[in-house]
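**Student:** Just so it is clear, I am handing over input-v4.txt, which has compact mmCIF, C-alpha atoms.
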# COMPACT_ATOMS: atom_id res chain seq x y z
CA MET A 1 -9.99 -26.90 15.23
CA GLY A 2 -12.88 -29.03 16.56
CA ASP A 3 -13.62 -31.20 19.61
CA ASP A 4 -12.46 -34.83 19.23
CA VAL A 5 -12.62 -34.57 15.45
CA THR A 6 -9.71 -33.84 13.13
CA TRP A 7 -10.61 -31.84 10.04
CA GLN A 8 -8.61 -31.56 6.86
CA CYS A 9 -8.94 -28.63 4.47
CA LEU A 10 -9.07 -29.55 0.77
CA ILE A 11 -9.20 -27.53 -2.44
CA SER A 12 -9.25 -28.47 -6.13
CA GLU A 13 -5.93 -28.75 -7.92
CA PRO A 14 -6.51 -27.53 -11.48
CA GLU A 15 -4.25 -28.50 -14.36
CA GLY A 16 -1.44 -25.96 -14.28
CA GLY A 17 -1.26 -25.90 -10.48
CA ILE A 18 2.04 -26.65 -8.72
CA ARG A 19 2.00 -27.10 -4.95
CA LEU A 20 4.60 -24.93 -3.22
CA PRO A 21 6.94 -26.40 -0.56
CA LEU A 22 6.02 -24.26 2.44
CA GLY A 23 7.54 -24.40 5.91
CA GLU A 24 9.93 -27.15 4.91
CA ASN A 25 13.09 -25.01 5.02
CA ALA A 26 13.28 -25.86 1.35
CA GLU A 27 16.03 -24.68 -0.93
CA PHE A 28 13.56 -23.00 -3.27
CA GLY A 29 16.04 -22.73 -6.15
CA GLU A 30 16.66 -26.47 -6.33
CA TRP A 31 13.00 -27.30 -5.78
CA ALA A 32 11.98 -24.85 -8.53
CA LYS A 33 14.35 -26.43 -11.07
CA ARG A 34 12.86 -29.86 -10.37
CA ALA A 35 9.28 -28.52 -10.50
CA ALA A 36 9.89 -26.67 -13.80
CA ARG A 37 11.45 -29.79 -15.35
CA GLN A 38 8.52 -31.93 -14.18
CA TYR A 39 5.96 -29.41 -15.44
CA LEU A 40 7.58 -28.71 -18.83
CA GLY A 41 9.15 -32.09 -19.55
CA THR A 42 12.82 -32.78 -20.24
CA ASP A 43 12.55 -31.74 -23.91
CA ALA A 44 11.57 -28.13 -23.13
CA PRO A 45 13.96 -25.35 -24.22
CA ARG A 46 16.53 -24.52 -21.54
CA SER A 47 15.64 -20.84 -21.56
CA GLU A 48 11.97 -21.67 -20.89
CA MET A 49 12.97 -24.08 -18.11
CA ARG A 50 15.22 -21.43 -16.53
CA GLU A 51 12.55 -18.69 -16.69
CA LEU A 52 9.84 -20.88 -15.18
CA ALA A 53 12.19 -22.15 -12.43
CA SER A 54 13.08 -18.56 -11.55
CA ALA A 55 9.39 -17.57 -11.36
CA LEU A 56 8.53 -20.62 -9.22
CA ALA A 57 11.40 -19.98 -6.79
CA ARG A 58 10.26 -16.37 -6.40
CA VAL A 59 6.59 -17.17 -5.72
CA ALA A 60 7.50 -20.01 -3.32
CA ALA A 61 9.71 -17.70 -1.25
CA THR A 62 7.07 -14.95 -1.25
CA ALA A 63 4.21 -17.30 -0.32
CA ASP A 64 6.27 -18.81 2.50
CA LEU A 65 6.54 -15.39 4.16
CA GLY A 66 2.75 -15.25 4.52
CA ALA A 67 2.73 -18.64 6.31
CA PRO A 68 -0.34 -20.12 4.58
CA THR A 69 -1.62 -23.61 5.37
CA PHE A 70 -0.83 -24.51 1.78
CA ALA A 71 -0.21 -22.66 -1.47
CA TYR A 72 0.05 -23.27 -5.19
CA ALA A 73 1.56 -21.54 -8.18
CA TYR A 74 -0.80 -21.59 -11.13
CA VAL A 75 1.05 -21.50 -14.45
CA ILE A 76 -0.76 -19.17 -16.87
CA ASP A 77 1.80 -19.28 -19.68
CA ALA A 78 4.90 -21.44 -19.20
CA ALA A 79 6.68 -20.00 -22.26
CA LYS A 80 6.58 -16.53 -20.71
CA ALA A 81 6.93 -17.77 -17.10
CA LEU A 82 3.63 -16.13 -16.13
CA THR A 83 2.14 -17.40 -12.89
CA ALA A 84 -0.55 -16.62 -10.35
CA VAL A 85 -0.46 -17.77 -6.73
CA TYR A 86 -3.31 -19.15 -4.66
CA GLU A 87 -3.14 -20.00 -1.01
CA VAL A 88 -5.34 -21.07 1.89
CA HIS A 89 -4.99 -19.69 5.42
CA ASP A 90 -6.60 -20.85 8.66
CA TYR A 91 -7.25 -18.18 11.31
CA ASP A 92 -8.63 -18.10 14.84
CA GLY A 93 -12.27 -17.08 14.40
CA ASP A 94 -12.74 -15.67 17.91
CA GLY A 95 -14.79 -12.48 17.53
CA TYR A 96 -15.10 -12.83 13.75
CA ARG A 97 -17.84 -15.44 13.29
CA SER A 98 -20.16 -13.20 11.26
CA PRO A 99 -19.67 -12.10 7.63
CA ASP A 100 -19.70 -8.38 8.48
CA ARG A 101 -16.63 -8.88 10.76
CA LEU A 102 -14.56 -10.77 8.16
CA PRO A 103 -13.20 -7.73 6.25
CA GLY A 104 -11.75 -6.52 9.56
CA LEU A 105 -10.06 -9.89 10.10
CA LEU A 106 -8.54 -9.81 6.61
CA GLU A 107 -7.24 -6.27 7.11
CA THR A 108 -5.53 -7.46 10.31
CA VAL A 109 -4.00 -10.73 9.11
CA LEU A 110 -3.40 -9.90 5.41
CA PRO A 111 -2.85 -6.12 5.49
CA THR A 112 -2.79 -4.24 2.17
CA SER A 113 -3.01 -0.68 0.90
CA PRO A 114 -5.23 -1.09 -2.15
CA GLU A 115 -5.87 1.46 -4.86
CA ARG A 116 -9.32 -0.08 -5.22
CA ARG A 117 -11.31 -2.53 -3.09
CA SER A 118 -14.76 -4.12 -3.37
CA VAL A 119 -16.39 -6.32 -0.72
CA THR A 120 -19.39 -8.58 -1.26
CA GLU A 121 -21.00 -11.24 0.92
CA VAL A 122 -20.95 -14.78 -0.49
CA ASN A 123 -22.39 -18.16 0.37
CA LEU A 124 -19.96 -20.93 -0.54
CA PRO A 125 -20.36 -24.70 -0.05
CA ALA A 126 -17.83 -24.42 2.83
CA GLY A 127 -19.95 -21.76 4.56
CA PRO A 128 -21.02 -18.09 4.48
CA GLY A 129 -18.39 -15.40 4.07
CA VAL A 130 -17.10 -12.44 2.09
CA ARG A 131 -15.26 -11.87 -1.17
CA VAL A 132 -12.73 -9.02 -1.22
CA GLN A 133 -11.29 -7.95 -4.58
CA GLU A 134 -8.37 -5.51 -4.55
CA LEU A 135 -6.05 -3.74 -6.97
CA LEU A 136 -2.66 -2.92 -5.41
CA ALA A 137 0.57 -1.20 -6.44
CA VAL A 138 3.46 -3.44 -5.32
CA GLU A 139 7.22 -3.05 -5.55
CA THR A 140 9.08 -5.56 -7.70
CA GLY A 141 12.74 -6.07 -8.46
CA SER A 142 15.54 -6.26 -5.91
CA LEU A 143 17.92 -3.67 -7.37
CA PHE A 144 15.74 -1.19 -9.24
CA LYS A 145 12.43 -0.87 -7.42
CA LYS A 146 9.45 -0.39 -9.68
CA LYS A 147 5.72 -0.42 -9.08
CA THR A 148 3.60 -3.15 -10.62
CA MET A 149 -0.16 -3.48 -10.38
CA MET A 150 -1.33 -6.64 -8.64
CA GLU A 151 -4.88 -7.93 -8.42
CA THR A 152 -6.04 -10.12 -5.56
CA VAL A 153 -9.30 -11.80 -4.71
CA THR A 154 -9.79 -13.19 -1.20
CA TYR A 155 -12.64 -15.32 0.12
CA ALA A 156 -13.00 -15.55 3.92
CA VAL A 157 -15.37 -18.32 4.97
CA ILE A 158 -17.04 -19.31 8.25
CA PRO A 159 -17.20 -23.13 8.17
CA PRO A 160 -19.87 -24.56 10.51
CA GLN A 161 -17.71 -27.54 11.57
CA VAL A 162 -14.99 -25.51 13.35
CA ASP A 163 -14.42 -22.25 15.20
CA ASN A 164 -11.77 -21.06 12.75
CA ILE A 165 -12.01 -18.91 9.64
CA LEU A 166 -10.73 -20.18 6.30
CA ALA A 167 -9.30 -17.63 3.88
CA PHE A 168 -8.54 -18.39 0.24
CA ARG A 169 -6.55 -15.80 -1.70
CA MET A 170 -5.44 -15.67 -5.32
CA SER A 171 -3.12 -12.99 -6.68
CA TRP A 172 -1.52 -12.09 -10.02
CA THR A 173 0.24 -9.22 -11.77
CA ASN A 174 -0.68 -9.99 -15.39
CA LEU A 175 -3.96 -8.07 -15.45
CA VAL A 176 -4.75 -9.06 -19.04
CA PHE A 177 -5.67 -12.48 -17.57
CA SER A 178 -7.87 -11.04 -14.81
CA GLU A 179 -11.23 -12.18 -16.17
CA ALA A 180 -10.13 -15.80 -16.56
CA LEU A 181 -8.33 -15.82 -13.19
CA LEU A 182 -11.32 -14.34 -11.36
CA GLU A 183 -13.44 -17.17 -12.80
CA LEU A 184 -10.84 -19.73 -11.71
CA ALA A 185 -10.67 -18.17 -8.23
CA GLN A 186 -14.45 -18.47 -7.90
CA THR A 187 -14.30 -22.14 -8.96
CA LEU A 188 -11.50 -22.84 -6.49
CA ALA A 189 -13.28 -21.03 -3.65
CA GLU A 190 -16.37 -23.13 -4.33
CA SER A 191 -14.23 -26.29 -4.13
CA LEU A 192 -12.90 -25.42 -0.66
CA GLU A 193 -14.07 -27.98 1.89
CA LEU A 194 -13.37 -29.48 5.29
CA THR A 195 -13.41 -33.26 5.53
CA GLU A 196 -13.22 -35.37 8.66
CA VAL A 197 -9.99 -37.34 8.94
CA LYS A 198 -10.93 -40.95 9.77
CA GLU A 199 -8.66 -42.64 12.27
CA GLY A 200 -6.92 -45.81 11.10
Now, as a test, write the supplied structure out as structure tokens.
**Tutor:**
Amino acid sequence: MGDDVTWQCLISEPEGGIRLPLGENAEFGEWAKRAARQYLGTDAPRSEMRELASALARVAATADLGAPTFAYAYVIDAAKALTAVYEVHDYDGDGYRSPDRLPGLLETVLPTSPERRSVTEVNLPAGPGVRVQELLAVETGSLFKKKTMMETVTYAVIPPQVDNILAFRMSWTNLVFSEALLELAQTLAESLELTEVKEG
């Protein structure tokens, strides 16, 4: 990412966040059972444990397909197994190092067909960039396909330390929580940073 310097990307980990096991050829079902037990505690009702484990396995498998640098499930309501997902991607910035080019990069690397989209320029501690908020109709269910509305907010940032572009995305399908999750996404985007990895 930079000459002779190794940079590490960091982001806040809010209470309710569970880091997903990406690119580890993980058995998501077994991992999800352990993560649900750790999150809920051993005294939690079995039905609640089972529902949360199922939701975590699903979001881990879905996030892994997008090959992010790292990703988290954010538990909104454990009793109802409601989760959001947030992830950070790292893209080659060649040709995209200005905010007006970033929406084009996002459309290429994270393609969507939104019902509604808004784009605004932002200035985050990690660097200048754009915020793209979208409302999408996505298919859910493996047997009976049905459409569910999903909201996403994506921040693409041009950090001055490196030539790459950082993209932070948060997505959820429980739109009743949108206001709170948009606030959380803003807080998380503002916490995004690159730190130099010190040798030794």
**Student:** Counting only C-alpha atoms, which residues sit no farther than 12 Å from the position (7.2, -17.9, -0.3) in the file's frame? I'd like them as a PyMOL selection string.
**Tutor:** chain A and resi 19-29+32+55-73+85-87
**Student:** Considering only C-alpha atoms, return as a short mmCIF file (atom, residue, chain, number, x, y, z; two decimals) with C-alpha atoms, in the frame of the given file whatever protein or nucleic-acid residues lie within 10 Å of range 174-186 of chain A, sequence-local ones (same chain, fewer than 4 positions apart) excluded.
**Tutor:**
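The resulting file, out-v1.cif, is shown below:
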data_model
loop_
_atom_site.label_atom_id
_atom_site.label_comp_id
_atom_site.auth_asym_id
_atom_site.auth_seq_id
_atom_site.Cartn_x
_atom_site.Cartn_y
_atom_site.Cartn_z
CA PRO A 14 -6.51 -27.53 -11.48
CA TYR A 74 -0.80 -21.59 -11.13
CA ILE A 76 -0.76 -19.17 -16.87
CA LEU A 82 3.63 -16.13 -16.13
CA THR A 83 2.14 -17.40 -12.89
CA ALA A 84 -0.55 -16.62 -10.35
CA TYR A 86 -3.31 -19.15 -4.66
CA LEU A 124 -19.96 -20.93 -0.54
CA ARG A 131 -15.26 -11.87 -1.17
CA GLN A 133 -11.29 -7.95 -4.58
CA LEU A 135 -6.05 -3.74 -6.97
CA THR A 148 3.60 -3.15 -10.62
CA MET A 149 -0.16 -3.48 -10.38
CA MET A 150 -1.33 -6.64 -8.64
CA GLU A 151 -4.88 -7.93 -8.42
CA THR A 152 -6.04 -10.12 -5.56
CA VAL A 153 -9.30 -11.80 -4.71
CA THR A 154 -9.79 -13.19 -1.20
CA TYR A 155 -12.64 -15.32 0.12
CA PHE A 168 -8.54 -18.39 0.24
CA ARG A 169 -6.55 -15.80 -1.70
CA MET A 170 -5.44 -15.67 -5.32
CA GLU A 190 -16.37 -23.13 -4.33
CA SER A 191 -14.23 -26.29 -4.13
#
**Student:** With only C-alpha atoms as the counted atoms, please give the residues lying no more than 12 Å from range 3-10 of chain A, apart from itself and same-chain residues fewer than 2 positions off, as number ranges by chain.
**Tutor:** A: 1, 12-13, 69-71, 87-90, 126, 159-168, 188-199
**Student:** What gap, in Å, lies between CA of Ala53 in chain A and CA of Glu139 in chain A?
**Tutor:**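 Result for CA of Ala53 in chain A versus CA of Glu139 in chain A: 20.9 Å, one decimal.
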**Student:** Which is closer to Gly16 in chain A than all the others in A:Leu110, A:Val157, A:Val75, A:Leu40, using only C-alpha atoms?
**Tutor:**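 Under the stated criterion, the closest residue is A:Val75.
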**Student:** Provide the CA of Pro111 in chain A to CA of Lys80 in chain A distance in Å, to one decimal place.
**Tutor:**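 Between these atoms lies a distance of 29.7 Å.
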**Student:** Report, in Å to a single decimal, how far apart CA of Ile11 in chain A and CA of Asp94 in chain A are.
**Tutor:**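 Atom-to-atom, CA of Asp94 in chain A and CA of Ile11 in chain A are spaced 23.8 Å apart.
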